[in-house]
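J.: Quick one: the structure is below, questions incoming.
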Amino acid sequence: MQTVIHVQSLNKSFGGKQALFNLGLTVDAGEMVALIGPSGSGKSTLLRHLSGLACGDRGLSRSRRPATSDAGQAGAVHILNRCVQSSGRLDPDVRRLRASIGYIFQQFNLVGRMSVLNNVLMGRLGRLPRWRGTLGLFTAEDRELAMASLERVGLADRAWQRASTLSGGQQQRVAIARALTQQAELILADEPIASLDPESARKVMDILRDINETDGKTVVVTLHQVDYAARYCGRVIALKSGRIHFDGAVDALTGPFLNELYGGDLDASLMLPESRMPRAPRRALDLVAA
Ligand SMILES: Nc1ncnc2c1ncn2[C@@H]1O[C@H](COP(=O)(O)OP(=O)(O)O)[C@@H](O)[C@H]1O
Ligand SMILES: [Mg+2]
């Protein structure tokens with residue numbers, strides 16, 4: 001089984017405040033992993049480090065490292081067996097590696113005044129020789145791929161529309177089509193459904209699952225709504241205060257577990273009423289209600 005994500009001893013501080021503590025984890029090819037945890041637990045920070053959008057702490061020399069603390073370790077992140085960063089330095093080749101990583105944001109990150117198709121074609125930029133990208137000379141194959149990706153997310157008929165005219169759910173599906181056009185091996189999605197209504201959220205999660213199951217792409221998705229994690233992901237990594245609190249099968253998401261993880265922050269949005277949970281298998285409902 002190919003290892004797609006390998007994180008070792010990752011520490012990250014902002015000013016004097018440590019946000020990630022000596023994190024280590026491995027994700028294999030073809031997994032669909034939910035990253036959960038209270039607000040501020042470090043989920044977005046971790047995803048940004050995986051894609052090389054942020055760089056971990058340098059690490060102290062052995063003699064200056066406190067013996068009893070997680071702080072001060074020199075960390076490393078490898079994706080697809082290539083180095084993203086080590087000892088607080090981004091690999092010089094990280095841009096090329098980033099072409100293999102699709103990143104989905106809560107707020108979609110589309111260019112609103114551009115057509116849907118052109119937004120999707122942006123997924124090709126990391127794969128093109130620089131001169132072709134800057135001149136906007138996409139090939140017929142690039143366009144075919146972009147249209148096929150739009151077809152896949154059910155938006156081929158919107159190709160010529162301005163992206164800003166689409167609903168939030170549709171814009172998120174365009175962002176996924178962009179990642180498909182990018183032919184990313186790994187998809188990192190940071191709260192992709194947090195701004196969406198339940199029906200749009202379900203569509204987005206269904207598409208991510210399809211990409212995982214049909215194409216075998218590895219997906220890591222941060223989710224505020226734990227019931228979606230239970231329904232869509234086999235494995236859950238729970239962060240709490242910048243540390244891995246739990247890493248294992250989704251069956252762990254019982255009521256007592258969630259109470260402990262979220263403490264007083266367990267809000268009602270984590271438990272949508274049954275009537276608003278489309279296609280939920282009994283098991284997932286039981287898990288959250290337990
Ligand atoms: N750019 C930043 N500057 C300062 N502190 C930050 C920055 N990004 C994140 N943090 C802090 O790191 C911690 C983890 O944040 P974040 O990764 O956004 O959490 P989550 O995504 O789980 O809500 C929080 O305490 C947050 O305030
Ligand atoms: Mg976040």
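Ligands are numbered from 1 in the order shown, residues from 1 within each chain, and chains are lettered A, B, ... in the order they appear in the structure tokens.
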Please identify all polymer residues within 9 Å of A:Gly37, counting only C-alpha atoms, omitting same-chain residues fewer than 3 positions from it, and present them as a ChimeraX atom specification.

T.: /A:40-43,222-224,237-241,245,261-262

J.: Which neighbours of A:Ile5 fall inside 8 Å, counting only C-alpha atoms, when residues of the same chain fewer than 3 positions from it are skipped, and could you give them as a PyMOL selection string?

T.: chain A and resi 25-28+50+77-81

J.: Export, as a CSV table (one decimal), in the first residue's frame, the selected residues with C-alpha atoms.

T.:
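Done, and the output landed in again16.csv:
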chain,number,residue,atom,x,y,z
A,25,LEU,CA,0.5,10.5,11.1
A,26,THR,CA,0.3,8.3,8.0
A,27,VAL,CA,-2.4,8.1,5.4
A,28,ASP,CA,-2.4,5.4,2.7
A,50,LEU,CA,0.5,19.1,4.2
A,77,VAL,CA,6.0,16.2,5.9
A,78,HIS,CA,6.2,13.9,2.9
A,79,ILE,CA,3.4,13.6,0.3
A,80,LEU,CA,3.5,10.8,-2.3
A,81,ASN,CA,7.0,10.0,-1.1

J.: Can you pull out every residue with an atom within 12 Å of ligand 1? Use only C-alpha atoms and all ligand atoms and format it as a PyMOL selection string.

T.: chain A and resi 11-21+35-49+53-56+105-106+189-191+194+221-224+237-244+262

J.: Can you tell me, as a list in words, what residues are no more than 7 Å from A:Trp160 when counting only C-alpha atoms, ignoring any on the same chain fewer than 4 positions away?

T.: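 Contacts, in chain order: Ser115, Val116 and Leu117 of chain A.
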
J.: Please, could you write that set of residues out with C-alpha atoms as an mmCIF file, in the first residue's frame?

T.:
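Listed below is the output, again-v9.cif:
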data_model
loop_
_atom_site.group_PDB
_atom_site.id
_atom_site.type_symbol
_atom_site.label_atom_id
_atom_site.label_comp_id
_atom_site.auth_asym_id
_atom_site.auth_seq_id
_atom_site.Cartn_x
_atom_site.Cartn_y
_atom_site.Cartn_z
ATOM 1 C CA SER A 115 -16.480 31.680 -16.535
ATOM 2 C CA VAL A 116 -17.008 28.369 -14.807
ATOM 3 C CA LEU A 117 -14.965 26.641 -17.532
#

J.: Using only C-alpha atoms, which residue out of A:Gln182, A:Thr214, A:Thr254, A:Ser87 lies closest to A:Met122?

T.: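 Distance minimum relative to A:Met122 lands on A:Gln182.
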
J.: Near A:Asn119, counting only C-alpha atoms, which residues have an atom at most 10 Å away, once you skip same-chain residues fewer than 4 positions from it, shown as a count of residues only?

T.: 17

J.: Return as an MDAnalysis selection string the full set of residues in stretch 8-248 of chain A whose backbone-based DSSP assignment is strand (DSSP E).

T.: chainID A and resid 8:14 17:28 32:36 76:79 82:86 89:90 101:104 186:190 218:222 235:240 243:248

J.: Would you give me, as JSON, numbers by chain, the residues in stretch 28-241 of chain A that DSSP reads as alpha helix (DSSP H)?

T.: {"A": [43, 44, 45, 46, 47, 48, 49, 50, 94, 95, 96, 97, 98, 116, 117, 118, 119, 120, 121, 130, 131, 132, 133, 134, 140, 141, 142, 143, 144, 145, 146, 147, 148, 149, 150, 151, 152, 168, 169, 170, 171, 172, 173, 174, 175, 176, 177, 178, 179, 180, 181, 198, 199, 200, 201, 202, 203, 204, 205, 206, 207, 208, 209, 210, 211, 212, 213, 214, 215, 226, 227, 228, 229, 230, 231, 232]}

J.: Which is closest to ligand 2 among A:Pro256, A:Gly248, A:Pro192, A:Gly216, if we use only C-alpha atoms and all ligand atoms?

T.: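 Nearest to ligand 2: A:Pro192.
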
J.: Measuring atom to atom with only C-alpha atoms and all ligand atoms, identify which of A:Gln171, A:Gln107, A:Gln2, A:Asn259 is nearest to ligand 2.

T.: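 Looking at the shortest contact to ligand 2, the residue is A:Gln107.
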
J.: Go ahead and compute the interatomic distance for atom CA of A:Leu208 and atom CA of A:Ile176, in Å to one decimal.

T.: 8.0 Å

J.: Separation of atom CA of A:Cys233 and atom CA of A:Ala179, in Å?

T.: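 Straight-line distance from atom CA of A:Cys233 to atom CA of A:Ala179 works out to 19.4 Å.
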
J.: Between A:Gln8, A:Gln161, A:Asn22, A:Ser149, which one has atoms that come closest to A:Gln85, using only C-alpha atoms?

T.: A:Gln8

J.: Please list as a ChimeraX atom specification every residue within 8 Å of stretch 140-145 of chain A, counting only C-alpha atoms and excluding residues in the same chain fewer than 2 positions away.

T.: /A:121,124,138,147-149,181

J.: Using only C-alpha atoms for the distances, tell me which of A:Ser195, A:Thr218, A:Asn212, A:Gln225 is nearest to A:Val4.

T.: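 Smallest separation from A:Val4 among the options: A:Thr218.
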